[in-house]
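Asker: Have a look at this one before I ask anything.
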Amino acid sequence: MHLPVLVQETIQALAIRADGTYVDGTFGRGGHSRAILERLGPLGRLIALDRDPQAEQAARAIADRRLRFFRKKFSGLAEALTESGVQLADGMLFDLGVSSPQLEEAARGFSFRLDGPLDMRMDPTSGVSAAQWLSQAKEEEIREVIRGYGEERFAKQIAAAIVASRVREPILGTRQLAGLVGEAVRTREPGQDPATRTFQALRIHVNRELEEVSLMLPQAVQRLAFGGRLAVISFHSLEDRIVKRFLQHAARPDVPRHLPLRASEMPQPTLRILGRAVKASAEEIKSNPRARSAILRVAERTAAPYVPNLRIEPDARWRN
Ligand SMILES: C[S@@+](CC[C@H](N)C(=O)[O-])C[C@H]1O[C@@H](n2cnc3c(N)ncnc32)[C@H](O)[C@@H]1O
């Protein structure tokens, strides 16, 4: 079960046209996709992506000729559109992060509460699991990932504890890691498990989540039709910062100071930001606590051609 967040707000933001072509870049269990399909007429189309094989199963179970699903990372957005014969889409949604089934199934290894293999890959068929990465990463790398992606004050102590422990026995389980982290973290944040930040950091790293967002956003702008809407829901400050900065730069591009440019050669805004960031209502948070940290940002494509902006290209500091 996955309860989609901010559904009404997102659908309203997308201003869906019955005969338009839309993208759901994070299908999950299809909550948002279903809401989009409900508003599409017979000529409308929905292109959905997700890297998770279980999301693919859920999408294949929807018998609707207007839906085309790709099991792909959303950094492959442009490729999926081209393969679908779509040059420009009328709206795109990205509901970032992990789904409830990913978090709540012990075997996926995302949860520090449930004992399972320390995997954490959204696509367990490719890449390196959290356990594999922790078994061979250098202590400094582990520290930087936990500090950078978890904003964890005790990153140094946690990394040292991991490295000291892995020589005795491999770290293969979620509860095993949570226990280690619990011992290394000296002061606890009220209401938060001491492993929360470390697990968030490893998940972001293993799935290259921030890099994915940075690679997807320019493609979304390039492949949105004039007047098309981009809606992005973030769940933590690191991804929201990337989205916010990207939208701001696209809406107010830097003007090169020392180049003799004519007015017609000045970089033009490719996006217009619509409204302020939207958060879930108290009522929604009551019925779906995951909505607590959701932030929806919406922008509309202008008619200006897209020119890559080097300042907002991906941050690829930590590759695995
Ligand atoms: C918060 S859930 C989306 C839930 C969905 N909106 C729904 O209503 O069911 C995020 C989903 O995005 C997928 N995902 C996250 N990052 C991805 C990426 N870079 N490429 C493709 N899918 C990704 C995850 O596998 C997960 O299924």
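Residue numbering restarts at 1 for every chain of the structure tokens, chains are lettered A, B, ... in their displayed order, and ligands are numbered from 1 as they appear.
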Output the neighbourhood of ligand 1 as a short mmCIF file (atom, residue, chain, number, x, y, z; two decimals) with all heavy atoms, in the first residue's frame, that is, all protein and nucleic acid residues with some atom at most 9 Å from the ligand, counting only C-alpha atoms and all ligand atoms.

Answerer:
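See result_14.cif below for the written result:
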```cif
data_model
loop_
_atom_site.label_atom_id
_atom_site.label_comp_id
_atom_site.auth_asym_id
_atom_site.auth_seq_id
_atom_site.Cartn_x
_atom_site.Cartn_y
_atom_site.Cartn_z
N MET A 1 0.84 -1.21 0.00
CA MET A 1 0.00 0.00 0.00
C MET A 1 0.88 1.26 0.00
O MET A 1 1.80 1.36 0.79
CB MET A 1 -0.83 0.01 1.29
CG MET A 1 -2.35 0.01 1.13
SD MET A 1 -3.04 1.37 0.23
CE MET A 1 -3.73 2.34 1.57
N HIS A 2 0.57 2.16 -0.90
CA HIS A 2 1.26 3.45 -0.87
C HIS A 2 0.22 4.54 -1.00
O HIS A 2 -0.50 4.60 -1.99
CB HIS A 2 2.27 3.55 -2.02
CG HIS A 2 2.96 4.88 -2.06
ND1 HIS A 2 4.15 5.12 -1.40
CD2 HIS A 2 2.61 6.05 -2.63
CE1 HIS A 2 4.51 6.38 -1.59
NE2 HIS A 2 3.59 6.97 -2.33
N LEU A 3 0.13 5.38 0.03
CA LEU A 3 -0.83 6.49 -0.03
C LEU A 3 -0.16 7.67 -0.71
O LEU A 3 0.79 8.23 -0.15
CB LEU A 3 -1.21 6.92 1.40
CG LEU A 3 -2.43 6.30 2.06
CD1 LEU A 3 -2.65 6.94 3.42
CD2 LEU A 3 -3.67 6.48 1.18
N PRO A 4 -0.60 8.05 -1.89
CA PRO A 4 0.07 9.17 -2.56
C PRO A 4 -0.14 10.48 -1.80
O PRO A 4 -1.19 10.67 -1.19
CB PRO A 4 -0.60 9.22 -3.93
CG PRO A 4 -1.88 8.48 -3.78
CD PRO A 4 -1.72 7.50 -2.67
N VAL A 5 0.85 11.37 -1.86
CA VAL A 5 0.73 12.64 -1.13
C VAL A 5 0.32 13.76 -2.09
O VAL A 5 0.59 13.70 -3.30
CB VAL A 5 2.05 13.04 -0.41
CG1 VAL A 5 2.49 11.97 0.56
CG2 VAL A 5 3.15 13.34 -1.40
N VAL A 7 -2.18 14.76 -3.70
CA VAL A 7 -2.73 14.38 -5.01
C VAL A 7 -3.56 15.52 -5.63
O VAL A 7 -3.32 15.90 -6.78
CB VAL A 7 -3.59 13.10 -4.91
CG1 VAL A 7 -4.18 12.75 -6.27
CG2 VAL A 7 -2.76 11.95 -4.42
N ASP A 24 4.57 10.67 -15.61
CA ASP A 24 4.73 10.43 -14.18
C ASP A 24 6.08 9.73 -14.06
O ASP A 24 6.22 8.54 -14.37
CB ASP A 24 3.59 9.54 -13.65
CG ASP A 24 3.76 9.23 -12.16
OD1 ASP A 24 4.82 9.59 -11.60
OD2 ASP A 24 2.85 8.61 -11.57
N GLY A 25 7.08 10.48 -13.62
CA GLY A 25 8.46 9.97 -13.61
C GLY A 25 8.74 9.03 -12.45
O GLY A 25 9.81 8.44 -12.38
N THR A 26 7.79 8.91 -11.50
CA THR A 26 7.99 8.09 -10.31
C THR A 26 6.68 7.33 -10.05
O THR A 26 5.92 7.70 -9.15
CB THR A 26 8.34 8.97 -9.09
OG1 THR A 26 7.38 10.07 -9.05
CG2 THR A 26 9.73 9.55 -9.17
N PHE A 27 6.43 6.30 -10.81
CA PHE A 27 5.12 5.63 -10.80
C PHE A 27 4.78 5.05 -9.43
O PHE A 27 3.63 5.15 -8.99
CB PHE A 27 5.12 4.52 -11.86
CG PHE A 27 3.82 3.79 -11.93
CD1 PHE A 27 2.77 4.28 -12.68
CD2 PHE A 27 3.63 2.60 -11.22
CE1 PHE A 27 1.55 3.61 -12.73
CE2 PHE A 27 2.43 1.92 -11.27
CZ PHE A 27 1.38 2.43 -12.03
N GLY A 28 5.73 4.43 -8.75
CA GLY A 28 5.48 3.82 -7.43
C GLY A 28 4.39 2.77 -7.50
O GLY A 28 4.52 1.74 -8.14
N ARG A 29 3.25 3.06 -6.88
CA ARG A 29 2.11 2.15 -7.00
C ARG A 29 1.00 2.81 -7.82
O ARG A 29 -0.14 2.36 -7.85
CB ARG A 29 1.57 1.75 -5.62
CG ARG A 29 2.51 0.83 -4.87
CD ARG A 29 2.72 -0.49 -5.64
NE ARG A 29 3.67 -1.36 -4.97
CZ ARG A 29 4.99 -1.33 -5.15
NH1 ARG A 29 5.53 -0.46 -5.99
NH2 ARG A 29 5.78 -2.16 -4.51
N GLY A 30 1.34 3.93 -8.46
CA GLY A 30 0.42 4.50 -9.44
C GLY A 30 -0.68 5.40 -8.90
O GLY A 30 -1.64 5.68 -9.60
N GLY A 31 -0.53 5.86 -7.66
CA GLY A 31 -1.57 6.74 -7.09
C GLY A 31 -1.77 8.00 -7.92
O GLY A 31 -2.89 8.32 -8.33
N HIS A 32 -0.67 8.68 -8.22
CA HIS A 32 -0.77 9.90 -9.03
C HIS A 32 -1.14 9.56 -10.47
O HIS A 32 -1.91 10.26 -11.11
CB HIS A 32 0.54 10.69 -8.99
CG HIS A 32 0.81 11.35 -7.66
ND1 HIS A 32 1.63 10.77 -6.72
CD2 HIS A 32 0.34 12.49 -7.12
CE1 HIS A 32 1.66 11.55 -5.65
NE2 HIS A 32 0.89 12.60 -5.87
N SER A 33 -0.57 8.47 -10.98
CA SER A 33 -0.87 8.08 -12.37
C SER A 33 -2.36 7.84 -12.56
O SER A 33 -2.95 8.27 -13.55
CB SER A 33 -0.11 6.80 -12.74
OG SER A 33 1.20 7.11 -13.14
N ARG A 34 -2.98 7.15 -11.60
CA ARG A 34 -4.42 6.88 -11.73
C ARG A 34 -5.21 8.18 -11.75
O ARG A 34 -6.15 8.35 -12.53
CB ARG A 34 -4.91 6.01 -10.58
CG ARG A 34 -4.56 4.56 -10.78
CD ARG A 34 -5.24 3.66 -9.74
NE ARG A 34 -4.73 2.31 -9.89
CZ ARG A 34 -3.59 1.89 -9.37
NH1 ARG A 34 -2.84 2.70 -8.65
NH2 ARG A 34 -3.16 0.66 -9.58
N ALA A 35 -4.79 9.11 -10.89
CA ALA A 35 -5.51 10.40 -10.83
C ALA A 35 -5.34 11.15 -12.17
O ALA A 35 -6.26 11.83 -12.63
CB ALA A 35 -4.98 11.24 -9.67
N LEU A 49 7.42 6.19 -15.53
CA LEU A 49 8.73 5.58 -15.32
C LEU A 49 8.88 5.18 -13.86
O LEU A 49 8.32 5.85 -12.97
CB LEU A 49 9.85 6.58 -15.63
CG LEU A 49 10.20 6.95 -17.05
CD1 LEU A 49 9.19 7.93 -17.61
CD2 LEU A 49 11.58 7.59 -17.11
N ASP A 50 9.62 4.14 -13.62
CA ASP A 50 10.08 3.80 -12.26
C ASP A 50 11.19 2.79 -12.43
O ASP A 50 11.15 1.97 -13.36
CB ASP A 50 8.95 3.22 -11.40
CG ASP A 50 9.21 3.40 -9.91
OD1 ASP A 50 10.22 2.82 -9.41
OD2 ASP A 50 8.46 4.10 -9.23
N ARG A 51 12.16 2.86 -11.53
CA ARG A 51 13.29 1.93 -11.67
C ARG A 51 13.04 0.63 -10.90
O ARG A 51 13.83 -0.30 -10.99
CB ARG A 51 14.57 2.64 -11.19
CG ARG A 51 14.59 2.90 -9.71
CD ARG A 51 15.50 4.06 -9.34
NE ARG A 51 16.89 3.76 -9.53
CZ ARG A 51 17.90 4.51 -9.06
NH1 ARG A 51 17.65 5.63 -8.39
NH2 ARG A 51 19.14 4.18 -9.26
N ASP A 52 11.97 0.58 -10.11
CA ASP A 52 11.71 -0.53 -9.22
C ASP A 52 10.91 -1.64 -9.93
O ASP A 52 9.84 -1.36 -10.47
CB ASP A 52 10.92 -0.01 -8.01
CG ASP A 52 10.75 -1.06 -6.94
OD1 ASP A 52 10.60 -2.25 -7.28
OD2 ASP A 52 10.76 -0.69 -5.76
N PRO A 53 11.41 -2.89 -9.90
CA PRO A 53 10.66 -3.97 -10.57
C PRO A 53 9.26 -4.16 -10.00
O PRO A 53 8.35 -4.57 -10.73
CB PRO A 53 11.52 -5.22 -10.31
CG PRO A 53 12.82 -4.74 -9.80
CD PRO A 53 12.68 -3.35 -9.31
N GLN A 54 9.06 -3.88 -8.71
CA GLN A 54 7.71 -4.05 -8.14
C GLN A 54 6.76 -2.97 -8.64
O GLN A 54 5.56 -3.20 -8.80
CB GLN A 54 7.77 -4.05 -6.61
CG GLN A 54 8.48 -5.29 -6.08
CD GLN A 54 8.55 -5.33 -4.57
OE1 GLN A 54 8.12 -4.39 -3.89
NE2 GLN A 54 9.11 -6.40 -4.04
N ALA A 55 7.30 -1.78 -8.88
CA ALA A 55 6.47 -0.71 -9.47
C ALA A 55 6.08 -1.14 -10.89
O ALA A 55 4.95 -0.90 -11.33
CB ALA A 55 7.25 0.60 -9.49
N ARG A 71 10.51 0.68 -17.27
CA ARG A 71 11.31 0.47 -16.06
C ARG A 71 12.67 1.08 -16.34
O ARG A 71 13.50 0.52 -17.04
CB ARG A 71 11.45 -1.00 -15.68
CG ARG A 71 12.21 -1.10 -14.35
CD ARG A 71 11.78 -2.26 -13.54
NE ARG A 71 12.44 -3.49 -13.96
CZ ARG A 71 13.68 -3.82 -13.62
NH1 ARG A 71 14.43 -3.00 -12.89
NH2 ARG A 71 14.18 -4.95 -14.02
N LYS A 72 12.82 2.25 -15.79
CA LYS A 72 13.97 3.08 -16.12
C LYS A 72 14.21 4.07 -15.00
O LYS A 72 13.26 4.45 -14.30
CB LYS A 72 13.56 3.95 -17.31
CG LYS A 72 14.34 3.75 -18.57
CD LYS A 72 13.87 4.78 -19.58
CE LYS A 72 14.29 4.45 -20.98
NZ LYS A 72 15.66 4.04 -21.14
N LYS A 73 15.42 4.54 -14.91
CA LYS A 73 15.68 5.67 -14.02
C LYS A 73 15.13 6.93 -14.69
O LYS A 73 15.15 7.01 -15.93
CB LYS A 73 17.18 5.84 -13.81
CG LYS A 73 17.78 4.68 -13.06
CD LYS A 73 19.18 4.98 -12.66
CE LYS A 73 20.13 4.41 -13.68
NZ LYS A 73 21.52 4.48 -13.30
N PHE A 74 14.72 7.91 -13.91
CA PHE A 74 14.17 9.10 -14.58
C PHE A 74 15.25 9.98 -15.20
O PHE A 74 14.93 10.92 -15.93
CB PHE A 74 13.16 9.87 -13.71
CG PHE A 74 13.59 10.28 -12.33
CD1 PHE A 74 14.71 11.05 -12.13
CD2 PHE A 74 12.80 9.93 -11.23
CE1 PHE A 74 15.08 11.46 -10.87
CE2 PHE A 74 13.17 10.34 -9.95
CZ PHE A 74 14.31 11.10 -9.77
N SER A 75 16.52 9.64 -14.97
CA SER A 75 17.57 10.32 -15.73
C SER A 75 17.51 9.87 -17.19
O SER A 75 18.16 10.45 -18.06
CB SER A 75 18.95 10.04 -15.14
OG SER A 75 19.14 8.63 -15.07
N GLY A 76 16.72 8.82 -17.46
CA GLY A 76 16.51 8.36 -18.84
C GLY A 76 15.22 8.90 -19.42
O GLY A 76 14.67 8.32 -20.36
N LEU A 77 14.74 10.00 -18.88
CA LEU A 77 13.47 10.59 -19.31
C LEU A 77 13.41 10.89 -20.81
O LEU A 77 12.46 10.49 -21.50
CB LEU A 77 13.24 11.89 -18.51
CG LEU A 77 12.10 12.79 -18.95
CD1 LEU A 77 10.77 12.12 -18.68
CD2 LEU A 77 12.16 14.14 -18.21
N LEU A 93 5.31 15.03 -13.67
CA LEU A 93 5.30 14.94 -12.22
C LEU A 93 6.44 14.04 -11.75
O LEU A 93 6.66 12.96 -12.33
CB LEU A 93 3.96 14.33 -11.76
CG LEU A 93 3.99 13.70 -10.36
CD1 LEU A 93 4.17 14.76 -9.29
CD2 LEU A 93 2.74 12.89 -10.11
N PHE A 94 7.14 14.48 -10.72
CA PHE A 94 8.16 13.65 -10.07
C PHE A 94 7.91 13.70 -8.57
O PHE A 94 8.02 14.78 -7.96
CB PHE A 94 9.58 14.15 -10.40
CG PHE A 94 9.85 14.07 -11.88
CD1 PHE A 94 9.51 15.12 -12.72
CD2 PHE A 94 10.41 12.93 -12.43
CE1 PHE A 94 9.72 15.05 -14.08
CE2 PHE A 94 10.62 12.84 -13.79
CZ PHE A 94 10.28 13.90 -14.62
N ASP A 95 7.53 12.54 -8.02
CA ASP A 95 7.24 12.42 -6.59
C ASP A 95 8.43 11.65 -6.02
O ASP A 95 8.46 10.42 -6.04
CB ASP A 95 5.91 11.64 -6.48
CG ASP A 95 5.50 11.32 -5.06
OD1 ASP A 95 6.03 11.96 -4.13
OD2 ASP A 95 4.64 10.43 -4.89
N LEU A 96 9.44 12.40 -5.58
CA LEU A 96 10.77 11.82 -5.34
C LEU A 96 10.81 10.88 -4.13
O LEU A 96 9.88 10.84 -3.33
CB LEU A 96 11.77 12.95 -5.16
CG LEU A 96 11.85 13.94 -6.34
CD1 LEU A 96 12.77 15.10 -6.00
CD2 LEU A 96 12.31 13.24 -7.62
N GLY A 97 11.92 10.20 -4.00
CA GLY A 97 12.17 9.38 -2.82
C GLY A 97 11.67 7.97 -2.95
O GLY A 97 11.53 7.45 -4.05
N VAL A 98 11.42 7.36 -1.78
CA VAL A 98 11.01 5.95 -1.77
C VAL A 98 9.52 5.82 -1.50
O VAL A 98 8.90 6.72 -0.93
CB VAL A 98 11.79 5.14 -0.71
CG1 VAL A 98 13.16 4.78 -1.19
CG2 VAL A 98 11.86 5.87 0.61
N SER A 99 8.97 4.67 -1.89
CA SER A 99 7.55 4.42 -1.66
C SER A 99 7.39 3.67 -0.33
O SER A 99 8.34 3.08 0.18
CB SER A 99 6.98 3.58 -2.80
OG SER A 99 7.60 2.31 -2.82
N SER A 100 6.17 3.66 0.17
CA SER A 100 5.92 2.92 1.42
C SER A 100 6.25 1.44 1.28
O SER A 100 6.88 0.88 2.18
CB SER A 100 4.47 3.10 1.87
OG SER A 100 4.17 4.46 1.97
N PRO A 101 5.85 0.77 0.18
CA PRO A 101 6.21 -0.65 0.10
C PRO A 101 7.73 -0.88 0.13
O PRO A 101 8.20 -1.85 0.71
CB PRO A 101 5.63 -1.10 -1.25
CG PRO A 101 4.64 -0.07 -1.63
CD PRO A 101 5.02 1.19 -0.94
N GLN A 102 8.49 0.04 -0.47
CA GLN A 102 9.95 -0.11 -0.42
C GLN A 102 10.42 -0.03 1.04
O GLN A 102 11.21 -0.83 1.50
CB GLN A 102 10.64 0.98 -1.26
CG GLN A 102 10.52 0.72 -2.75
CD GLN A 102 10.95 1.91 -3.60
OE1 GLN A 102 10.89 3.06 -3.16
NE2 GLN A 102 11.37 1.65 -4.82
N ARG A 121 18.59 -0.83 -2.51
CA ARG A 121 18.51 -0.39 -3.91
C ARG A 121 17.05 -0.32 -4.36
O ARG A 121 16.30 -1.26 -4.13
CB ARG A 121 19.26 -1.37 -4.82
CG ARG A 121 20.76 -1.23 -4.74
CD ARG A 121 21.44 -2.35 -5.47
NE ARG A 121 21.19 -3.64 -4.83
CZ ARG A 121 21.61 -4.81 -5.30
NH1 ARG A 121 22.29 -4.86 -6.42
NH2 ARG A 121 21.35 -5.93 -4.65
N MET A 122 16.67 0.77 -5.01
CA MET A 122 15.32 0.85 -5.56
C MET A 122 15.18 -0.17 -6.69
O MET A 122 14.11 -0.71 -6.91
CB MET A 122 15.04 2.25 -6.11
CG MET A 122 14.98 3.30 -5.03
SD MET A 122 14.63 4.89 -5.78
CE MET A 122 14.96 5.98 -4.42
N ASP A 123 16.27 -0.39 -7.39
CA ASP A 123 16.30 -1.45 -8.40
C ASP A 123 17.32 -2.49 -7.94
O ASP A 123 18.53 -2.34 -8.18
CB ASP A 123 16.72 -0.89 -9.76
CG ASP A 123 16.87 -2.01 -10.78
OD1 ASP A 123 16.59 -3.18 -10.44
OD2 ASP A 123 17.28 -1.72 -11.92
N ASN A 207 21.47 4.89 -4.30
CA ASN A 207 20.59 5.11 -5.46
C ASN A 207 20.96 6.37 -6.25
O ASN A 207 20.25 6.73 -7.18
CB ASN A 207 19.13 5.20 -4.99
CG ASN A 207 18.65 3.89 -4.43
OD1 ASN A 207 18.51 2.92 -5.16
ND2 ASN A 207 18.46 3.84 -3.11
N ARG A 208 22.05 7.01 -5.83
CA ARG A 208 22.50 8.26 -6.48
C ARG A 208 21.31 9.21 -6.67
O ARG A 208 21.07 9.75 -7.76
CB ARG A 208 23.10 7.97 -7.84
CG ARG A 208 24.31 7.09 -7.77
CD ARG A 208 24.85 6.93 -9.14
NE ARG A 208 26.02 6.07 -9.16
CZ ARG A 208 26.74 5.85 -10.25
NH1 ARG A 208 26.43 6.44 -11.37
NH2 ARG A 208 27.78 5.06 -10.20
N GLU A 209 20.56 9.38 -5.60
CA GLU A 209 19.29 10.09 -5.72
C GLU A 209 19.45 11.55 -6.17
O GLU A 209 18.70 12.04 -6.99
CB GLU A 209 18.51 10.03 -4.39
CG GLU A 209 17.98 8.64 -4.13
CD GLU A 209 17.17 8.55 -2.84
OE1 GLU A 209 16.45 9.50 -2.50
OE2 GLU A 209 17.28 7.51 -2.16
N LEU A 210 20.45 12.23 -5.60
CA LEU A 210 20.58 13.66 -5.94
C LEU A 210 21.09 13.83 -7.36
O LEU A 210 20.66 14.73 -8.10
CB LEU A 210 21.51 14.36 -4.94
CG LEU A 210 21.08 14.24 -3.48
CD1 LEU A 210 22.00 15.05 -2.58
CD2 LEU A 210 19.64 14.66 -3.28
N GLU A 211 21.97 12.94 -7.76
CA GLU A 211 22.49 13.00 -9.13
C GLU A 211 21.35 12.75 -10.13
O GLU A 211 21.25 13.43 -11.15
CB GLU A 211 23.59 11.95 -9.29
CG GLU A 211 24.37 12.11 -10.55
CD GLU A 211 25.46 11.04 -10.68
OE1 GLU A 211 25.90 10.49 -9.65
OE2 GLU A 211 25.84 10.75 -11.82
N GLU A 212 20.50 11.80 -9.79
CA GLU A 212 19.34 11.50 -10.64
C GLU A 212 18.46 12.74 -10.84
O GLU A 212 18.05 13.06 -11.95
CB GLU A 212 18.49 10.39 -10.00
CG GLU A 212 18.97 9.00 -10.30
CD GLU A 212 18.76 8.64 -11.76
OE1 GLU A 212 17.64 8.76 -12.25
OE2 GLU A 212 19.74 8.28 -12.41
N VAL A 213 18.19 13.45 -9.74
CA VAL A 213 17.33 14.64 -9.83
C VAL A 213 18.02 15.70 -10.68
O VAL A 213 17.40 16.33 -11.55
CB VAL A 213 17.01 15.19 -8.41
CG1 VAL A 213 16.23 16.49 -8.50
CG2 VAL A 213 16.22 14.17 -7.61
N MET A 216 17.75 14.75 -14.29
CA MET A 216 16.39 14.74 -14.82
C MET A 216 15.87 16.16 -15.11
O MET A 216 15.23 16.40 -16.14
CB MET A 216 15.49 14.01 -13.82
CG MET A 216 14.02 14.12 -14.05
SD MET A 216 13.33 15.63 -13.34
CE MET A 216 13.25 15.25 -11.61
N ILE A 233 7.72 16.85 -6.17
CA ILE A 233 7.50 16.71 -4.72
C ILE A 233 8.78 16.15 -4.10
O ILE A 233 9.26 15.08 -4.50
CB ILE A 233 6.33 15.74 -4.42
CG1 ILE A 233 5.05 16.20 -5.13
CG2 ILE A 233 6.10 15.61 -2.91
CD1 ILE A 233 3.89 15.21 -5.04
N SER A 234 9.33 16.89 -3.15
CA SER A 234 10.55 16.44 -2.46
C SER A 234 10.21 16.08 -1.02
O SER A 234 9.23 16.58 -0.47
CB SER A 234 11.59 17.56 -2.39
OG SER A 234 11.82 18.10 -3.65
N PHE A 235 11.08 15.26 -0.44
CA PHE A 235 10.83 14.84 0.94
C PHE A 235 11.95 15.18 1.91
O PHE A 235 11.83 14.95 3.08
CB PHE A 235 10.54 13.33 1.01
CG PHE A 235 9.20 13.00 0.46
CD1 PHE A 235 9.03 12.77 -0.90
CD2 PHE A 235 8.09 12.97 1.28
CE1 PHE A 235 7.78 12.49 -1.42
CE2 PHE A 235 6.84 12.69 0.77
CZ PHE A 235 6.68 12.45 -0.57
#
```

Asker: What's around Gly173 in chain A at 7 Å? Count only C-alpha atoms, leave out sequence neighbours fewer than 2 positions away in its own chain, and write the answer as a count of residues only.

Answerer: 8

Asker: So that each row is one residue of range 166-273 of chain A with an atom at most 12 Å from range 78-82 of chain A, can you give its shortest atom pair and the distance in Å to one decimal, using only C-alpha atoms, rows by chain and rising number, as JSON lines?

Answerer:
```
{"residue": "A:Leu215", "atom": "CA", "partner": "A:Ala78", "partner_atom": "CA", "distance": 10.5}
{"residue": "A:Met216", "atom": "CA", "partner": "A:Ala78", "partner_atom": "CA", "distance": 8.6}
{"residue": "A:Leu217", "atom": "CA", "partner": "A:Ala78", "partner_atom": "CA", "distance": 10.6}
{"residue": "A:Pro218", "atom": "CA", "partner": "A:Ala78", "partner_atom": "CA", "distance": 9.8}
{"residue": "A:Gln219", "atom": "CA", "partner": "A:Ala78", "partner_atom": "CA", "distance": 6.1}
{"residue": "A:Ala220", "atom": "CA", "partner": "A:Ala78", "partner_atom": "CA", "distance": 7.8}
{"residue": "A:Val221", "atom": "CA", "partner": "A:Ala78", "partner_atom": "CA", "distance": 10.3}
{"residue": "A:Gln222", "atom": "CA", "partner": "A:Ala78", "partner_atom": "CA", "distance": 8.5}
{"residue": "A:Arg223", "atom": "CA", "partner": "A:Ala78", "partner_atom": "CA", "distance": 7.1}
{"residue": "A:Leu224", "atom": "CA", "partner": "A:Ala78", "partner_atom": "CA", "distance": 10.5}
```

Asker: Within 9 Å of Ala130 in chain A, counting only C-alpha atoms, which residues qualify if same-chain residues fewer than 5 places away don't, as a compact mmCIF listing (two decimals) with N, CA, C and O atoms, in the first residue's frame?

Answerer:
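As a result, result_32.txt now contains:
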```
# COMPACT_ATOMS: atom_id res chain seq x y z
N GLY A 109 15.51 -3.82 2.60
CA GLY A 109 16.66 -3.33 3.36
C GLY A 109 16.73 -1.82 3.57
O GLY A 109 17.80 -1.28 3.85
N LEU A 118 20.86 -5.74 4.16
CA LEU A 118 21.15 -4.31 4.00
C LEU A 118 21.32 -4.00 2.51
O LEU A 118 22.43 -3.91 2.01
N ASP A 119 20.20 -3.86 1.81
CA ASP A 119 20.27 -3.68 0.36
C ASP A 119 20.07 -2.22 -0.02
O ASP A 119 20.97 -1.52 -0.45
N MET A 120 18.83 -1.71 0.10
CA MET A 120 18.49 -0.30 -0.14
C MET A 120 18.47 0.12 -1.59
O MET A 120 18.36 1.31 -1.87
N ARG A 121 18.59 -0.83 -2.51
CA ARG A 121 18.51 -0.39 -3.91
C ARG A 121 17.05 -0.32 -4.36
O ARG A 121 16.30 -1.26 -4.13
N SER A 135 31.14 -2.61 2.71
CA SER A 135 32.20 -3.59 2.92
C SER A 135 33.53 -3.12 2.30
O SER A 135 34.58 -3.56 2.71
N LEU A 172 25.85 -7.02 7.28
CA LEU A 172 24.94 -7.50 6.23
C LEU A 172 23.48 -7.19 6.50
O LEU A 172 22.65 -7.27 5.59
N LEU A 202 22.73 6.59 3.35
CA LEU A 202 23.14 5.43 2.55
C LEU A 202 22.18 5.21 1.39
O LEU A 202 22.58 4.89 0.27
N ARG A 203 20.91 5.43 1.66
CA ARG A 203 19.88 5.25 0.62
C ARG A 203 20.11 6.25 -0.52
O ARG A 203 20.10 5.89 -1.69
N HIS A 205 22.89 7.69 -1.29
CA HIS A 205 24.13 7.36 -1.97
C HIS A 205 23.98 6.16 -2.89
O HIS A 205 24.36 6.21 -4.07
N VAL A 206 23.41 5.08 -2.34
CA VAL A 206 23.30 3.83 -3.10
C VAL A 206 22.49 4.05 -4.37
O VAL A 206 22.78 3.50 -5.44
```

Asker: Which polymer residues have any atom within 10 Å of an atom of Arg113 in chain A, counting only C-alpha atoms, with same-chain residues fewer than 5 positions away left out, as a list in words?

Answerer: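 Residues near the query, excluding close chain neighbours: Leu103, Glu104, Ala106, Thr174, Arg175, Ala178, Asp193, Ala195 and Thr196 of chain A.
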
Asker: Restricting it to N, CA and C atoms, dump the selection as a CSV table (one decimal), in the first residue's frame.

Answerer:
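Below is the file again34.csv, written as the result:
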```
chain,number,residue,atom,x,y,z
A,103,LEU,N,9.9,1.0,1.8
A,103,LEU,CA,10.3,1.2,3.1
A,103,LEU,C,9.8,0.1,4.1
A,104,GLU,N,8.7,-0.4,3.8
A,104,GLU,CA,8.0,-1.3,4.8
A,104,GLU,C,8.3,-2.8,4.5
A,106,ALA,N,10.8,-5.7,4.7
A,106,ALA,CA,12.1,-5.9,5.3
A,106,ALA,C,13.1,-6.3,4.3
A,174,THR,N,20.1,-4.9,8.4
A,174,THR,CA,19.7,-3.6,8.7
A,174,THR,C,19.7,-3.3,10.2
A,175,ARG,N,19.3,-4.3,11.0
A,175,ARG,CA,19.3,-4.1,12.5
A,175,ARG,C,20.8,-4.1,13.0
A,178,ALA,N,21.9,-0.7,12.4
A,178,ALA,CA,21.2,0.3,13.3
A,178,ALA,C,21.8,0.2,14.7
A,193,ASP,N,14.9,7.9,15.7
A,193,ASP,CA,15.9,6.8,15.9
A,193,ASP,C,17.3,7.3,15.6
A,195,ALA,N,19.5,5.9,14.1
A,195,ALA,CA,20.0,5.4,12.8
A,195,ALA,C,19.3,6.2,11.6
A,196,THR,N,18.3,7.0,11.9
A,196,THR,CA,17.5,7.7,10.8
A,196,THR,C,18.4,8.4,9.8
```

Asker: Could you please determine the separation between CA of Phe199 in chain A and CA of Val232 in chain A in Å, to one decimal place?

Answerer: 23.0 Å

Asker: Using the chain letters and numbers from this document, which residues of range 128-294 of chain A does DSSP assign to helix (DSSP H, G or I), as a VMD selection string?

Answerer: chain A and resid 130 to 136 139 to 150 155 to 166 174 to 184 196 to 206 209 to 222 237 to 251 263 to 265 282 to 287 289 to 293

Asker: Report, in Å to a single decimal, how far apart CA of Pro194 in chain A and CA of Gly182 in chain A are.

Answerer: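 These two atoms are separated by 5.4 Å.
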
Asker: Counting only C-alpha atoms, which of A:Ala277, A:Ser264, A:Ala61, A:Arg257 gets nearest to Lys244 in chain A?

Answerer: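 Nearest candidate to Lys244 in chain A out of A:Ala277, A:Ser264, A:Ala61, A:Arg257: A:Ala277.
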
Asker: From a backbone DSSP assignment, name each residue in range 148-243 of chain A labelled strand (DSSP E), as number ranges by chain.

Answerer: A: 224-234
